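Below: the structure, in structure tokens.
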Amino acid sequence: MSPVDPRFHQALDGDIAREGVPPEVRRAMERLDAAAALLAVVPTGASVEARVMAEIRRPVPSRARRLVRWLATPHAIRLRVRPAWSLALAAVAALLTLLSEGDIEPELGGQEGIAQFVGRFPGARSVHVVGSFNDWRAGTIPLEDRDHDGVWRGAVVLPVGAYEYMFVVDGERWVPDHLADRSVDDDFGRENSIVIVRAAGR
Amino acid sequence: MDVRGDPSDPEVVARVLGGDQEAFGLIIRRYEADLLRFAAGMLGSRDAAEDAVAESLVRAYRHLGGLNAPARLRTWLYRIVANRCKSHLARRPARELSLDEAPPVADPADTEASLERAEQVALVQRALAELSPEKREAFVLKHVEGLSYQEMAAVTGERIPTLKMRVHRAREALLQALEDA
Amino acid sequence: MRLGRALALLALPVAAAAQSLRDDRLAERLPAAAIPAVDSLVQQARAERLPTEPLVQKALEGGAKRVAAERIVVAVQRSLTQLRDARALLARAGDAPPATAAEVTGVSAALKRGVPAPVVEQVVAALPSQPRGSALHAVADLVTHGFQPDSSAALILEAARDGLRGERLLDVSTAALHEVQRGHTRAEALALVRARLPDVPAAPKPARASVVRARRPSEPPHEP
């Protein structure tokens with residue numbers, strides 16, 4: 001679809017000279033340039049340098065503290081090996097776990113928090129959360145049932161604010177969150193749940 | 001070193017990777033204005049832009065070792081900020097869903113000219129906010145940040161014909177929106 | 001060149017573009033029959049300087065839930081009416097225009113959750129120089145659990161006078177709800193929490209296991 005004079009784009013892309021285009025095309029180019037010029041002013045405010053450098057300078061947890069954290073967290077490791085090797089393997093596993101970047105906490109901005117979702121859907125093949133935080137797009141936020149006990153959980157980093165949502169079970173069944181404290185009529189004959197995300201740094 | 005005596009990007013990157021943490025401040029000072037302007041164009045607010053750029057720069061520091069071509073630091077930084085902005089946008093397309101926002105307080109120091117200008121900026125920001133994140137990114141990178149299509153390809157990972165199509169559609173949509181305002 | 005003058009210039013011949021949507025998301029996600037009416041409602045909101053995002057979200061929600069086109073249009077129309085009512089309420093409560101999008105959507109949300117308009121107006125009027133979103137949700141939390149609207153507002157406003165701000169006001173309503181769960185009547189719950197102000201427990205932070213697993217809705221795959 002391009003009912004626009006193609007010279008409009010060609011001139012703006014520098015493929016042809018601006019001088020050669022008809023007056024109405026040149027006027028439209030000028031309007032666009034004017035809009036872009038308004039955006040080209042750097043918004044005034046404080047530099048982010050101090051904030052970034054403070055974060056960079058924050059000490060990373062020492063290996064010892066990370067080891068303690070690892071030991072305190074349950075890990076399912078089942079190996080059948082000769083007893084003589086098992087200790088060495090456990091040590092290697094511990095080292096690899098420390099070195100791996102598998103479970104990294106997300107870096108939260110100042111106005112972000114975590115929304116936690118949990119629902120009981122035994123027998124479900126999939127459970128997703130769908131709401132105003134993802135444009136009601138199904139399939140983008142899956143919950144997990146790691147223990148296969150029918151309890152599905154998930155946590156999402158979101159900007160601070162209030163959001164309406166529902167669960168979608170097996171890609172087709174829309175269900176409100178019965179554990180949610182807040183709900184509202186969805187104007188379509190159903191009920192949306194409401195989650196209020198609070199700043200994580202409080 | 002370039003002719004002015006400032007260390008080049010590869011030199012600064014080498015210093016940071018060599019353990020000179022404070023040298024990263026050079027990179028921040030060199031690029032934060034451009035990155036803030038870009039993020040503000042994407043997100044429509046100075047506050048959101050500051051958050052996105054600060055998060056991006058911390059991430060850039062932590063992943064600096066993964067930068068294959070230190071001479072391309074600029075496009076690499078733009079890429080991180082673009083991704084961060086699109087994450088923000090995917091979560092919440094507009095600020096209007098925020099729970100608490102200070103009610104407007106008229107500043108007696110505002111002149112009529114600066115108020116009118118602020119209104120014009122708001123008009124353009126609103127028009128920009130109606131574009132999809134990909135088209136908004138393409139327009140801002142091309143027309144505000146002044147990147148070439150090659151640089152835009154490095155930032156976005158998209159092919160140049162795709163980027164041209166997005167820029168063309170963004171231009172038309174923006175003109176239409178401004179005209180209807 | 002000044003944008004003001006630029007806007008007065010003749011339009012480009014973009015006949016087909018005139019029918020194109022301002023918001024790509026609607027074109028991609030709504031049944032075709034709903035698009036013209038929804039787009040028109042969004043443009044009306046824009047023309048009235050009301051927030052458009054709540055309308056777009058309601059339309060996207062309808063599309064996602066596979067609701068019939070005409071019901072989507074009705075729902076979006078209702079949302080527009082609610083936003084107009086919310087802005088009118090802010091004006092009656094004494095707010096000088098223009099109302100911000102956050103204020104309009106905050107008041108609209110409280111009304112939708114069942115807080116009577118006079119009570120919303122009372123809360124807004126009592127907090128002229130603060131954001132009201134959290135306060136209104138806190139009142140709604142109590143009202144939706146059977147507390148009298150006036151008493152609910154009174155408790156939250158008293159907490160605000162005692163210095164609690166923003167999200168901490170949600171902790172006040174939570175505290176009152178917990179007292180009811182412990183077996184107190186609603187009147188007793190309000191009195192107990194009032195007596196404790198401003199010391200109400202803060203909401204617990206998420207467990208670390210949740211925090212570590214938390215992800216953003218769409219983390220771009222090629223992020224370095």
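In the structure tokens, chains take letters A, B, ... by order of appearance, with residues numbered from 1 within each chain and ligands from 1 in the order shown.
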Next on the checklist: With DSSP run on the backbone, what are the helix (DSSP H, G or I) residues within region 14-178 of chain B? I'd like them as a VMD selection string.
Outcome noted: chain B and resid 14 to 17 21 to 43 46 to 62 64 to 66 70 to 91 95 to 97 112 to 129 133 to 144 149 to 156 160 to 178
Write the selection just made, keeping C-alpha atoms, as a compact mmCIF listing (two decimals), in the first residue's frame?
```
# COMPACT_ATOMS: atom_id res chain seq x y z
CA ALA B 14 40.05 -2.05 26.57
CA ARG B 15 40.62 0.00 29.72
CA VAL B 16 37.33 -1.07 31.26
CA LEU B 17 37.98 -4.71 30.43
CA GLN B 21 35.84 0.44 36.20
CA GLU B 22 35.78 4.22 36.34
CA ALA B 23 36.64 4.44 32.64
CA PHE B 24 33.10 3.30 31.94
CA GLY B 25 32.04 6.77 33.02
CA LEU B 26 33.63 8.04 29.78
CA ILE B 27 31.31 5.84 27.76
CA ILE B 28 28.29 7.04 29.73
CA ARG B 29 29.16 10.69 29.25
CA ARG B 30 29.88 10.15 25.57
CA TYR B 31 26.60 8.43 24.72
CA GLU B 32 23.97 9.11 27.35
CA ALA B 33 22.47 12.18 25.66
CA ASP B 34 21.91 10.31 22.38
CA LEU B 35 20.59 7.23 24.15
CA LEU B 36 18.25 9.27 26.35
CA ARG B 37 16.87 11.09 23.33
CA PHE B 38 16.32 7.78 21.53
CA ALA B 39 14.67 6.16 24.56
CA ALA B 40 12.48 9.22 25.09
CA GLY B 41 11.34 8.96 21.48
CA MET B 42 10.50 5.31 22.02
CA LEU B 43 8.86 5.57 25.43
CA ARG B 46 11.94 11.34 30.31
CA ASP B 47 11.54 9.22 33.45
CA ALA B 48 10.95 6.02 31.53
CA ALA B 49 13.85 6.90 29.23
CA GLU B 50 16.18 7.39 32.20
CA ASP B 51 15.23 4.03 33.65
CA ALA B 52 15.66 2.26 30.32
CA VAL B 53 19.02 3.89 29.57
CA ALA B 54 20.38 3.35 33.09
CA GLU B 55 19.38 -0.33 33.02
CA SER B 56 20.87 -0.68 29.55
CA LEU B 57 24.19 0.89 30.50
CA VAL B 58 24.55 -1.37 33.55
CA ARG B 59 23.83 -4.32 31.30
CA ALA B 60 26.33 -3.06 28.73
CA TYR B 61 29.03 -2.84 31.42
CA ARG B 62 28.33 -6.39 32.57
CA LEU B 64 31.24 -5.59 27.65
CA GLY B 65 33.41 -8.64 27.23
CA GLY B 66 30.91 -9.96 24.70
CA PRO B 70 34.65 -2.34 20.08
CA ALA B 71 34.64 0.10 17.18
CA ARG B 72 30.90 -0.61 16.91
CA LEU B 73 30.22 0.32 20.51
CA ARG B 74 27.71 2.99 19.52
CA THR B 75 25.42 0.70 17.53
CA TRP B 76 25.81 -1.97 20.20
CA LEU B 77 24.60 0.44 22.88
CA TYR B 78 21.69 1.52 20.72
CA ARG B 79 20.80 -2.15 20.30
CA ILE B 80 20.66 -2.74 24.03
CA VAL B 81 18.55 0.36 24.60
CA ALA B 82 16.24 -0.55 21.70
CA ASN B 83 15.66 -3.99 23.19
CA ARG B 84 15.05 -2.55 26.64
CA CYS B 85 12.56 -0.01 25.25
CA LYS B 86 10.71 -2.68 23.32
CA SER B 87 10.50 -4.78 26.48
CA HIS B 88 8.98 -1.81 28.26
CA LEU B 89 6.55 -1.24 25.43
CA ALA B 90 5.56 -4.86 25.18
CA ARG B 91 4.69 -4.84 28.85
CA ARG B 95 1.99 5.33 30.54
CA GLU B 96 -1.70 5.72 30.97
CA LEU B 97 -1.93 2.55 33.02
CA GLU B 112 3.61 30.90 26.64
CA ALA B 113 6.24 29.96 24.07
CA SER B 114 7.62 27.11 26.10
CA LEU B 115 4.10 25.87 26.87
CA GLU B 116 3.21 25.93 23.18
CA ARG B 117 6.39 24.09 22.34
CA ALA B 118 5.65 21.53 25.03
CA GLU B 119 2.21 21.04 23.48
CA GLN B 120 3.73 20.51 20.07
CA VAL B 121 6.18 17.95 21.45
CA ALA B 122 3.31 16.19 23.20
CA LEU B 123 1.39 16.13 19.92
CA VAL B 124 4.26 14.47 18.11
CA GLN B 125 4.85 12.08 21.01
CA ARG B 126 1.20 11.03 20.92
CA ALA B 127 1.38 10.47 17.17
CA LEU B 128 4.55 8.43 17.66
CA ALA B 129 2.94 6.38 20.40
CA PRO B 133 7.18 -0.42 18.50
CA GLU B 134 9.04 -1.61 15.39
CA LYS B 135 7.88 1.32 13.26
CA ARG B 136 8.48 3.77 16.08
CA GLU B 137 12.00 2.42 16.52
CA ALA B 138 12.65 2.65 12.78
CA PHE B 139 11.42 6.24 12.59
CA VAL B 140 13.34 7.43 15.64
CA LEU B 141 16.58 5.74 14.59
CA LYS B 142 16.34 7.16 11.07
CA HIS B 143 14.94 10.63 11.59
CA VAL B 144 15.89 11.55 15.14
CA TYR B 149 20.12 2.03 7.10
CA GLN B 150 23.33 0.01 7.55
CA GLU B 151 23.67 1.21 11.12
CA MET B 152 20.00 0.55 11.76
CA ALA B 153 20.49 -3.01 10.50
CA ALA B 154 23.32 -3.46 13.01
CA VAL B 155 21.16 -2.08 15.82
CA THR B 156 17.98 -4.03 15.07
CA ILE B 160 17.61 -3.20 5.16
CA PRO B 161 14.54 -3.71 2.91
CA THR B 162 12.51 -4.52 6.03
CA LEU B 163 13.77 -1.38 7.75
CA LYS B 164 13.00 0.79 4.73
CA MET B 165 9.46 -0.53 4.63
CA ARG B 166 9.00 0.23 8.34
CA VAL B 167 10.41 3.73 7.96
CA HIS B 168 8.20 4.44 4.95
CA ARG B 169 5.07 3.23 6.71
CA ALA B 170 6.00 5.14 9.87
CA ARG B 171 6.43 8.36 7.90
CA GLU B 172 3.01 7.98 6.29
CA ALA B 173 1.28 7.03 9.51
CA LEU B 174 2.89 9.91 11.40
CA LEU B 175 1.90 12.45 8.77
CA GLN B 176 -1.65 11.13 8.84
CA ALA B 177 -1.81 11.33 12.63
CA LEU B 178 -0.38 14.84 12.73
```
Between chain A and chain C, at 7 Å or less, what are the per-residue closest atom pairs and their distances in Å? Count only C-alpha atoms, order by chain and rising residue number, and return it as JSON lines.
```
{"residue": "A:Pro3", "atom": "CA", "partner": "C:Val14", "partner_atom": "CA", "distance": 5.8}
{"residue": "A:Val4", "atom": "CA", "partner": "C:Val14", "partner_atom": "CA", "distance": 5.8}
{"residue": "A:Glu24", "atom": "CA", "partner": "C:Leu12", "partner_atom": "CA", "distance": 6.9}
{"residue": "A:Ala28", "atom": "CA", "partner": "C:Leu12", "partner_atom": "CA", "distance": 6.6}
{"residue": "A:Arg31", "atom": "CA", "partner": "C:Ala6", "partner_atom": "CA", "distance": 5.4}
{"residue": "A:Ala34", "atom": "CA", "partner": "C:Leu3", "partner_atom": "CA", "distance": 6.0}
{"residue": "A:Ala35", "atom": "CA", "partner": "C:Leu3", "partner_atom": "CA", "distance": 6.9}
{"residue": "A:Asp103", "atom": "CA", "partner": "C:Val212", "partner_atom": "CA", "distance": 6.1}
{"residue": "A:Ile104", "atom": "CA", "partner": "C:Val212", "partner_atom": "CA", "distance": 6.1}
{"residue": "A:Glu105", "atom": "CA", "partner": "C:Val212", "partner_atom": "CA", "distance": 4.5}
{"residue": "A:Pro106", "atom": "CA", "partner": "C:Val212", "partner_atom": "CA", "distance": 6.8}
{"residue": "A:Ser132", "atom": "CA", "partner": "C:Gln57", "partner_atom": "CA", "distance": 6.4}
{"residue": "A:Asn134", "atom": "CA", "partner": "C:Pro217", "partner_atom": "CA", "distance": 6.8}
{"residue": "A:Asp135", "atom": "CA", "partner": "C:Gln57", "partner_atom": "CA", "distance": 6.4}
{"residue": "A:Trp136", "atom": "CA", "partner": "C:Glu61", "partner_atom": "CA", "distance": 5.4}
{"residue": "A:Arg137", "atom": "CA", "partner": "C:Ala64", "partner_atom": "CA", "distance": 6.8}
{"residue": "A:Thr140", "atom": "CA", "partner": "C:Pro217", "partner_atom": "CA", "distance": 6.3}
{"residue": "A:Ile141", "atom": "CA", "partner": "C:Pro217", "partner_atom": "CA", "distance": 5.8}
{"residue": "A:Ala155", "atom": "CA", "partner": "C:Ala214", "partner_atom": "CA", "distance": 4.5}
{"residue": "A:Val156", "atom": "CA", "partner": "C:Ala214", "partner_atom": "CA", "distance": 4.9}
{"residue": "A:Val157", "atom": "CA", "partner": "C:Arg216", "partner_atom": "CA", "distance": 4.9}
{"residue": "A:Leu158", "atom": "CA", "partner": "C:Arg216", "partner_atom": "CA", "distance": 6.8}
{"residue": "A:Arg182", "atom": "CA", "partner": "C:Asp141", "partner_atom": "CA", "distance": 6.9}
{"residue": "A:Val184", "atom": "CA", "partner": "C:Arg113", "partner_atom": "CA", "distance": 5.8}
{"residue": "A:Asp187", "atom": "CA", "partner": "C:Ala75", "partner_atom": "CA", "distance": 5.9}
{"residue": "A:Arg198", "atom": "CA", "partner": "C:Glu167", "partner_atom": "CA", "distance": 6.9}
```
Next on the checklist: Could you tell me which residues of chain A sit within 8 Å of chain B when counting only C-alpha atoms, and give me the result as a VMD selection string?
Outcome noted: chain A and resid 4 9 28 31 to 33 35 to 45 47 to 49 51 to 53 55 to 57 107 109 to 110 132 to 135 158 to 163
Next on the checklist: For a test of reading the model, state the distance in Å between CA of Ala153 (chain C) and CA of Thr105 (chain C), rounded to one decimal.
Outcome noted: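 Pair CA of Ala153 (chain C) / CA of Thr105 (chain C) returns 18.7 Å.
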Checklist entry - So how many Å separate CA of Val115 (chain C) and CA of Asn192 (chain A), to one decimal? => result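 Those two atoms sit 17.0 Å apart.
Ranking A:Phe121, A:Pro59, A:Ala50, A:Val21 by their shortest atom-to-atom distance to Pro6 (chain A), with only C-alpha atoms included, puts A:Val21 first.
Our summary of the geometry notes that CA of Ser40 (chain C) is positioned 24.4 Å from CA of Pro97 (chain C).
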